[in-house]
>>> print(open('upload33.txt').read())   # compact mmCIF, C-alpha atoms
# COMPACT_ATOMS: atom_id res chain seq x y z
CA MET A 608 0.04 52.59 -51.03
CA PRO A 609 -2.04 55.68 -50.27
CA VAL A 610 -5.15 55.34 -48.13
CA LEU A 611 -8.53 56.00 -49.75
CA ARG A 612 -11.25 57.81 -47.84
CA GLU A 613 -14.38 59.78 -48.54
CA MET A 614 -13.69 63.31 -49.82
CA ARG A 615 -14.86 66.01 -47.44
CA TRP A 616 -15.13 69.79 -47.72
CA TRP A 617 -11.76 70.33 -46.04
CA ASP A 618 -10.08 68.40 -48.88
CA ILE A 619 -11.22 70.86 -51.56
CA ALA A 620 -8.18 73.17 -51.33
CA ASP A 621 -5.75 70.25 -51.83
CA VAL A 622 -7.94 68.77 -54.56
CA LEU A 623 -7.96 72.11 -56.38
CA ARG A 624 -4.14 72.33 -56.25
CA LEU A 625 -3.84 68.90 -57.86
CA GLU A 626 -6.67 69.68 -60.30
CA ARG A 627 -4.93 72.83 -61.55
CA GLU A 628 -1.59 71.04 -61.82
CA LEU A 629 -2.99 68.17 -63.89
CA PHE A 630 -5.74 69.95 -65.85
CA PRO A 631 -4.56 73.57 -66.23
CA GLU A 632 -6.81 74.36 -69.21
CA ASP A 633 -10.07 72.87 -67.96
CA ALA A 634 -9.73 72.60 -64.18
CA TRP A 635 -12.89 72.41 -62.11
CA SER A 636 -13.73 75.34 -59.86
CA LYS A 637 -14.15 75.29 -56.09
CA GLY A 638 -17.89 75.72 -56.60
CA MET A 639 -18.09 72.63 -58.81
CA PHE A 640 -16.52 70.46 -56.10
CA TRP A 641 -18.74 72.01 -53.40
CA SER A 642 -21.79 71.27 -55.54
CA GLU A 643 -20.76 67.65 -56.04
CA LEU A 644 -20.05 67.11 -52.35
CA ALA A 645 -23.48 68.53 -51.48
CA HIS A 646 -24.94 65.39 -53.12
CA ALA A 647 -22.48 62.90 -51.62
CA ARG A 648 -23.93 62.29 -48.15
CA GLY A 649 -27.20 61.31 -46.57
CA PRO A 650 -30.02 58.98 -47.57
CA GLY A 651 -30.55 60.63 -50.96
CA ALA A 652 -26.86 60.68 -51.92
CA THR A 653 -26.18 60.42 -55.66
CA ARG A 654 -22.43 61.02 -55.62
CA ARG A 655 -19.28 59.27 -54.45
CA TYR A 656 -16.11 61.31 -54.08
CA VAL A 657 -12.95 59.76 -52.69
CA VAL A 658 -9.42 61.02 -52.04
CA ALA A 659 -6.12 59.14 -51.83
CA VAL A 660 -3.77 60.32 -49.11
CA ALA A 661 -0.11 59.34 -48.71
CA GLY A 662 1.07 60.51 -45.29
CA GLU A 663 -0.19 64.09 -45.08
CA ARG A 664 -0.34 64.62 -48.86
CA LEU A 665 -3.38 64.26 -51.09
CA VAL A 666 -2.15 62.34 -54.16
CA GLY A 667 -5.39 61.49 -55.96
CA TYR A 668 -9.13 61.85 -56.09
CA ALA A 669 -12.10 60.54 -58.02
CA GLY A 670 -15.81 61.14 -58.32
CA LEU A 671 -18.92 59.36 -59.55
CA ALA A 672 -22.45 60.64 -60.14
CA ALA A 673 -25.38 58.22 -60.22
CA ALA A 674 -28.98 58.68 -61.33
CA GLY A 675 -31.66 56.47 -62.81
CA GLY A 676 -29.50 53.36 -63.00
CA LEU A 677 -26.69 55.18 -64.81
CA GLY A 678 -23.31 56.03 -63.32
CA ASP A 679 -20.98 58.67 -64.69
CA VAL A 680 -17.32 58.91 -63.76
CA GLN A 681 -16.97 62.65 -63.21
CA THR A 682 -13.23 62.78 -62.56
CA ILE A 683 -10.17 60.73 -61.71
CA ALA A 684 -6.81 62.33 -60.99
CA VAL A 685 -3.50 60.96 -59.73
CA ALA A 686 -0.42 63.04 -58.86
CA ARG A 687 2.29 62.55 -61.49
CA ASP A 688 4.73 61.02 -58.99
CA HIS A 689 2.13 58.28 -58.35
CA TRP A 690 1.52 57.40 -62.00
CA GLY A 691 2.13 53.72 -62.70
CA THR A 692 1.58 52.66 -59.08
CA GLY A 693 -1.93 51.26 -59.51
CA LEU A 694 -3.56 54.19 -57.72
CA GLY A 695 -5.75 55.08 -60.71
CA ALA A 696 -7.03 51.50 -60.79
CA GLU A 697 -7.71 51.59 -57.05
CA LEU A 698 -9.69 54.83 -57.39
CA LEU A 699 -11.68 53.45 -60.33
CA THR A 700 -12.38 50.22 -58.42
CA ASP A 701 -13.82 52.27 -55.56
CA LEU A 702 -16.09 54.20 -57.96
CA LEU A 703 -17.32 51.03 -59.65
CA ARG A 704 -18.04 49.39 -56.30
CA HIS A 705 -20.19 52.39 -55.41
CA ALA A 706 -21.85 52.38 -58.84
CA THR A 707 -23.03 48.88 -58.00
CA ALA A 708 -24.24 50.08 -54.58
CA PHE A 709 -26.15 52.87 -56.35
CA GLU A 710 -27.72 50.09 -58.50
CA CYS A 711 -26.24 51.40 -61.74
CA GLY A 712 -26.62 49.06 -64.71
CA GLU A 713 -23.92 50.88 -66.65
CA VAL A 714 -21.23 53.49 -66.17
CA LEU A 715 -20.21 56.14 -68.67
CA LEU A 716 -17.24 58.47 -68.80
CA GLU A 717 -15.55 60.99 -71.05
CA VAL A 718 -11.79 61.02 -71.51
CA ARG A 719 -9.64 63.34 -73.59
CA VAL A 720 -8.77 61.74 -76.93
CA ASP A 721 -5.11 62.58 -76.26
CA ASN A 722 -5.08 60.86 -72.82
CA THR A 723 -4.07 57.36 -73.88
CA ARG A 724 -2.84 56.49 -70.37
CA ALA A 725 -6.36 56.90 -68.95
CA GLN A 726 -7.97 55.18 -71.94
CA LYS A 727 -5.81 52.09 -71.35
CA LEU A 728 -6.84 52.03 -67.68
CA TYR A 729 -10.52 52.16 -68.61
CA GLU A 730 -10.11 49.46 -71.27
CA ARG A 731 -8.47 47.16 -68.68
CA PHE A 732 -11.66 47.49 -66.64
CA GLY A 733 -13.83 46.58 -69.64
CA PHE A 734 -14.94 50.05 -70.77
CA GLU A 735 -15.61 50.26 -74.50
CA ALA A 736 -15.56 53.34 -76.72
CA ILE A 737 -19.05 54.28 -77.90
CA GLY A 738 -18.60 57.72 -79.43
CA PHE A 739 -17.04 61.17 -79.38
CA ARG A 740 -17.99 64.58 -78.08
CA ARG A 741 -16.41 67.14 -80.36
CA GLY A 742 -14.76 70.08 -78.59
CA TYR A 743 -15.89 68.79 -75.18
CA TYR A 744 -12.84 70.03 -73.26
CA GLN A 745 -12.68 73.81 -73.32
CA PRO A 746 -11.00 76.19 -73.82
CA GLY A 747 -8.60 73.86 -75.69
CA ASN A 748 -11.40 72.53 -77.93
CA VAL A 749 -10.20 68.93 -77.37
CA ASP A 750 -12.52 66.07 -78.26
CA ALA A 751 -13.71 63.55 -75.67
CA LEU A 752 -13.93 59.82 -76.21
CA VAL A 753 -17.11 58.50 -74.58
CA MET A 754 -16.70 55.07 -72.99
CA ARG A 755 -19.22 52.69 -71.44
CA LEU A 756 -19.10 49.75 -69.05
CA ALA A 757 -22.10 47.48 -68.49
CA LEU A 758 -22.42 46.36 -64.86
CA ASP A 759 -24.20 43.29 -63.56
CA PRO A 760 -24.84 43.93 -59.87
CA TYR A 761 -25.77 40.28 -59.38
CA GLU A 762 -22.55 38.87 -60.87
CA GLU A 763 -20.77 38.77 -57.50
CA MET A 764 -23.70 36.97 -55.84
CA LYS A 765 -23.74 34.37 -58.66
CA ALA A 766 -20.00 33.81 -58.28
CA ASP A 767 -20.34 33.36 -54.52
CA GLY A 768 -22.95 30.70 -55.13
>>> encode(input="upload33.txt", output="structure tokens")
Amino acid sequence: MPVLREMRWWDIADVLRLERELFPEDAWSKGMFWSELAHARGPGATRRYVVAVAGERLVGYAGLAAAGGLGDVQTIAVARDHWGTGLGAELLTDLLRHATAFECGEVLLEVRVDNTRAQKLYERFGFEAIGFRRGYYQPGNVDALVMRLALDPYEEMKADG
């Protein structure tokens, strides 16, 4: 299984290669990743970005933004040759753990309506569809399904007794 670690600036080139491979129509720019990472460290951090590395190869990444008790999954990507291995679930688990650390009461995300693989992953984690954003993914004009997960940061403490 790939090793997860915090995304750093030197990962951006590899992240961009995977981003363009998986999301050719609506890939993020280098500047977007730099901007996100600028908010991922220090006492006022509001972001969590993580990469998955297998050997020397970056095979996945994910990002979360948090503000005002609300988390937003910004991105999750897994190299095609790692689909079905549980890596997407591992990345999402990391983001949700950090959403709890950021004291988020709920987490939102948008997913392409034609990405049923990702939708099934999110449903397994308890996300529920709450609406659509028409034409959200450009330039393809593809709709986004908006999904929500309510978090109870005290659930783990209650279970531990």
>>> closest_atom_pairs(input="upload33.txt", of="range 656-680 of chain A", to="range 692-706 of chain A", cutoff="8 Å", atoms="all atoms listed in the file", output="CSV")
residue,atom,partner,partner_atom,distance
A:Val657,CA,A:Leu698,CA,7.6
A:Ala659,CA,A:Leu698,CA,7.9
A:Gly667,CA,A:Leu694,CA,7.7
A:Tyr668,CA,A:Leu698,CA,7.2
A:Ala669,CA,A:Leu698,CA,6.2
A:Gly670,CA,A:Leu702,CA,7.0
A:Leu671,CA,A:Leu702,CA,6.1
A:Ala673,CA,A:Ala706,CA,7.0
A:Gly678,CA,A:Ala706,CA,6.0
A:Val680,CA,A:Leu702,CA,7.6
>>> atom_distance(input="upload33.txt", atom1="CA of Val666 in chain A", atom2="CA of Ala647 in chain A")
20.5 Å
>>> closest_residue(input="upload33.txt", among="A:Ala661, A:Ile619, A:Ala652, A:Leu716", to="Ile683 in chain A", atoms="only C-alpha atoms")
A:Leu716
>>> closest_residue(input="upload33.txt", among="A:Leu756, A:Ala674, A:Arg612, A:Ala684", to="Gly651 in chain A", atoms="all atoms listed in the file")
A:Ala674
>>> closest_residue(input="upload33.txt", among="A:Val718, A:Ala634, A:Leu728, A:Leu665", to="Val749 in chain A", atoms="only C-alpha atoms")
A:Val718
>>> residues_around(input="upload33.txt", residues="Ile737 in chain A", least_positions_apart="3", cutoff="7 Å", atoms="only C-alpha atoms", output="list of chain:residue names")
A:Val753, A:Met754, A:Arg755
>>> atom_distance(input="upload33.txt", atom1="CA of Gly733 in chain A", atom2="CA of Ala757 in chain A")
8.4 Å
>>> closest_residue(input="upload33.txt", among="A:Arg687, A:Arg655, A:Arg719, A:Lys727", to="Thr707 in chain A", atoms="only C-alpha atoms")
A:Arg655
>>> closest_residue(input="upload33.txt", among="A:Val720, A:Val658, A:Met614, A:Val714", to="Gly676 in chain A", atoms="all atoms listed in the file")
A:Val714
>>> residues_around(input="upload33.txt", residues="Glu632 in chain A", least_positions_apart="4", cutoff="8 Å", atoms="only C-alpha atoms", output="list of chain:residue names")
A:Gln745, A:Pro746, A:Gly747
>>> atom_distance(input="upload33.txt", atom1="CA of Asp621 in chain A", atom2="CA of Leu715 in chain A")
26.3 Å
>>> closest_residue(input="upload33.txt", among="A:Ala645, A:Phe630, A:Glu710, A:Trp635", to="Trp616 in chain A", atoms="all atoms listed in the file")
A:Ala645
>>> decode(input="upload33.txt", residues="range 628-641 of chain A", atoms="all heavy atoms", output="JSON list (two decimals), in the first residue's frame")
[["chain", "number", "residue", "atom", "x", "y", "z"],
["A", 628, "GLU", "N", -3.72, 14.05, -16.24],
["A", 628, "GLU", "CA", -4.07, 12.73, -16.76],
["A", 628, "GLU", "C", -5.51, 12.36, -16.42],
["A", 628, "GLU", "O", -6.25, 11.85, -17.26],
["A", 628, "GLU", "CB", -3.10, 11.69, -16.19],
["A", 628, "GLU", "CG", -3.41, 10.26, -16.59],
["A", 628, "GLU", "CD", -2.53, 9.26, -15.86],
["A", 628, "GLU", "OE1", -1.34, 9.57, -15.63],
["A", 628, "GLU", "OE2", -3.04, 8.20, -15.50],
["A", 629, "LEU", "N", -5.90, 12.63, -15.18],
["A", 629, "LEU", "CA", -7.22, 12.21, -14.70],
["A", 629, "LEU", "C", -8.33, 13.21, -15.02],
["A", 629, "LEU", "O", -9.48, 12.82, -15.18],
["A", 629, "LEU", "CB", -7.17, 11.96, -13.19],
["A", 629, "LEU", "CG", -6.27, 10.81, -12.74],
["A", 629, "LEU", "CD1", -6.15, 10.79, -11.24],
["A", 629, "LEU", "CD2", -6.79, 9.47, -13.26],
["A", 630, "PHE", "N", -8.00, 14.50, -15.04],
["A", 630, "PHE", "CA", -9.00, 15.55, -15.23],
["A", 630, "PHE", "C", -8.58, 16.49, -16.36],
["A", 630, "PHE", "O", -8.36, 17.68, -16.13],
["A", 630, "PHE", "CB", -9.19, 16.35, -13.93],
["A", 630, "PHE", "CG", -9.37, 15.49, -12.70],
["A", 630, "PHE", "CD1", -8.39, 15.46, -11.72],
["A", 630, "PHE", "CD2", -10.50, 14.73, -12.53],
["A", 630, "PHE", "CE1", -8.55, 14.68, -10.57],
["A", 630, "PHE", "CE2", -10.67, 13.94, -11.40],
["A", 630, "PHE", "CZ", -9.70, 13.91, -10.42],
["A", 631, "PRO", "N", -8.45, 15.97, -17.59],
["A", 631, "PRO", "CA", -7.89, 16.79, -18.67],
["A", 631, "PRO", "C", -8.69, 18.05, -18.98],
["A", 631, "PRO", "O", -8.11, 19.07, -19.35],
["A", 631, "PRO", "CB", -7.87, 15.84, -19.86],
["A", 631, "PRO", "CG", -8.83, 14.75, -19.53],
["A", 631, "PRO", "CD", -8.84, 14.64, -18.04],
["A", 632, "GLU", "N", -10.00, 18.02, -18.81],
["A", 632, "GLU", "CA", -10.83, 19.17, -19.15],
["A", 632, "GLU", "C", -10.83, 20.25, -18.09],
["A", 632, "GLU", "O", -10.95, 21.43, -18.40],
["A", 632, "GLU", "CB", -12.28, 18.75, -19.40],
["A", 632, "GLU", "CG", -12.51, 18.07, -20.73],
["A", 632, "GLU", "CD", -13.98, 17.90, -21.02],
["A", 632, "GLU", "OE1", -14.82, 18.20, -20.15],
["A", 632, "GLU", "OE2", -14.29, 17.45, -22.12],
["A", 633, "ASP", "N", -10.72, 19.85, -16.83],
["A", 633, "ASP", "CA", -10.87, 20.84, -15.76],
["A", 633, "ASP", "C", -9.77, 20.71, -14.70],
["A", 633, "ASP", "O", -10.00, 20.89, -13.51],
["A", 633, "ASP", "CB", -12.26, 20.77, -15.13],
["A", 633, "ASP", "CG", -12.68, 19.35, -14.75],
["A", 633, "ASP", "OD1", -11.83, 18.44, -14.77],
["A", 633, "ASP", "OD2", -13.86, 19.15, -14.44],
["A", 634, "ALA", "N", -8.55, 20.42, -15.16],
["A", 634, "ALA", "CA", -7.42, 20.27, -14.26],
["A", 634, "ALA", "C", -7.10, 21.58, -13.54],
["A", 634, "ALA", "O", -7.23, 22.67, -14.11],
["A", 634, "ALA", "CB", -6.18, 19.80, -15.04],
["A", 635, "TRP", "N", -6.69, 21.45, -12.29],
["A", 635, "TRP", "CA", -6.24, 22.61, -11.53],
["A", 635, "TRP", "C", -4.91, 23.11, -12.11],
["A", 635, "TRP", "O", -4.14, 22.34, -12.68],
["A", 635, "TRP", "CB", -6.01, 22.24, -10.08],
["A", 635, "TRP", "CG", -7.25, 22.13, -9.25],
["A", 635, "TRP", "CD1", -8.53, 21.89, -9.67],
["A", 635, "TRP", "CD2", -7.31, 22.22, -7.83],
["A", 635, "TRP", "NE1", -9.37, 21.84, -8.61],
["A", 635, "TRP", "CE2", -8.65, 22.04, -7.46],
["A", 635, "TRP", "CE3", -6.37, 22.44, -6.85],
["A", 635, "TRP", "CZ2", -9.07, 22.08, -6.14],
["A", 635, "TRP", "CZ3", -6.77, 22.47, -5.52],
["A", 635, "TRP", "CH2", -8.12, 22.29, -5.18],
["A", 636, "SER", "N", -4.62, 24.37, -11.87],
["A", 636, "SER", "CA", -3.36, 24.96, -12.30],
["A", 636, "SER", "C", -2.33, 24.85, -11.18],
["A", 636, "SER", "O", -2.67, 24.59, -10.02],
["A", 636, "SER", "CB", -3.57, 26.43, -12.65],
["A", 636, "SER", "OG", -3.86, 27.16, -11.46],
["A", 637, "LYS", "N", -1.08, 25.09, -11.54],
["A", 637, "LYS", "CA", 0.00, 25.13, -10.55],
["A", 637, "LYS", "C", -0.31, 26.17, -9.48],
["A", 637, "LYS", "O", -0.12, 25.93, -8.28],
["A", 637, "LYS", "CB", 1.32, 25.46, -11.24],
["A", 637, "LYS", "CG", 2.51, 25.45, -10.30],
["A", 637, "LYS", "CD", 3.78, 26.02, -10.91],
["A", 637, "LYS", "CE", 4.15, 25.40, -12.21],
["A", 637, "LYS", "NZ", 5.47, 25.89, -12.72],
["A", 638, "GLY", "N", -0.79, 27.33, -9.90],
["A", 638, "GLY", "CA", -1.11, 28.40, -8.96],
["A", 638, "GLY", "C", -2.18, 28.02, -7.96],
["A", 638, "GLY", "O", -2.12, 28.44, -6.79],
["A", 639, "MET", "N", -3.15, 27.22, -8.40],
["A", 639, "MET", "CA", -4.22, 26.79, -7.47],
["A", 639, "MET", "C", -3.62, 25.91, -6.36],
["A", 639, "MET", "O", -3.96, 26.08, -5.19],
["A", 639, "MET", "CB", -5.32, 26.06, -8.24],
["A", 639, "MET", "CG", -6.10, 26.97, -9.16],
["A", 639, "MET", "SD", -7.18, 26.08, -10.31],
["A", 639, "MET", "CE", -8.55, 25.66, -9.22],
["A", 640, "PHE", "N", -2.74, 24.98, -6.73],
["A", 640, "PHE", "CA", -2.12, 24.14, -5.71],
["A", 640, "PHE", "C", -1.21, 24.95, -4.79],
["A", 640, "PHE", "O", -1.22, 24.76, -3.58],
["A", 640, "PHE", "CB", -1.36, 22.97, -6.35],
["A", 640, "PHE", "CG", -2.26, 21.86, -6.80],
["A", 640, "PHE", "CD1", -2.50, 21.64, -8.14],
["A", 640, "PHE", "CD2", -2.89, 21.03, -5.87],
["A", 640, "PHE", "CE1", -3.34, 20.62, -8.56],
["A", 640, "PHE", "CE2", -3.73, 20.00, -6.28],
["A", 640, "PHE", "CZ", -3.96, 19.80, -7.63],
["A", 641, "TRP", "N", -0.44, 25.88, -5.35],
["A", 641, "TRP", "CA", 0.41, 26.74, -4.52],
["A", 641, "TRP", "C", -0.44, 27.52, -3.52],
["A", 641, "TRP", "O", -0.08, 27.64, -2.34],
["A", 641, "TRP", "CB", 1.21, 27.72, -5.39],
["A", 641, "TRP", "CG", 2.51, 27.18, -5.88],
["A", 641, "TRP", "CD1", 2.78, 26.70, -7.13],
["A", 641, "TRP", "CD2", 3.73, 27.04, -5.15],
["A", 641, "TRP", "NE1", 4.08, 26.27, -7.22],
["A", 641, "TRP", "CE2", 4.69, 26.49, -6.00],
["A", 641, "TRP", "CE3", 4.10, 27.36, -3.84],
["A", 641, "TRP", "CZ2", 5.99, 26.22, -5.60],
["A", 641, "TRP", "CZ3", 5.40, 27.10, -3.44],
["A", 641, "TRP", "CH2", 6.33, 26.54, -4.32]]
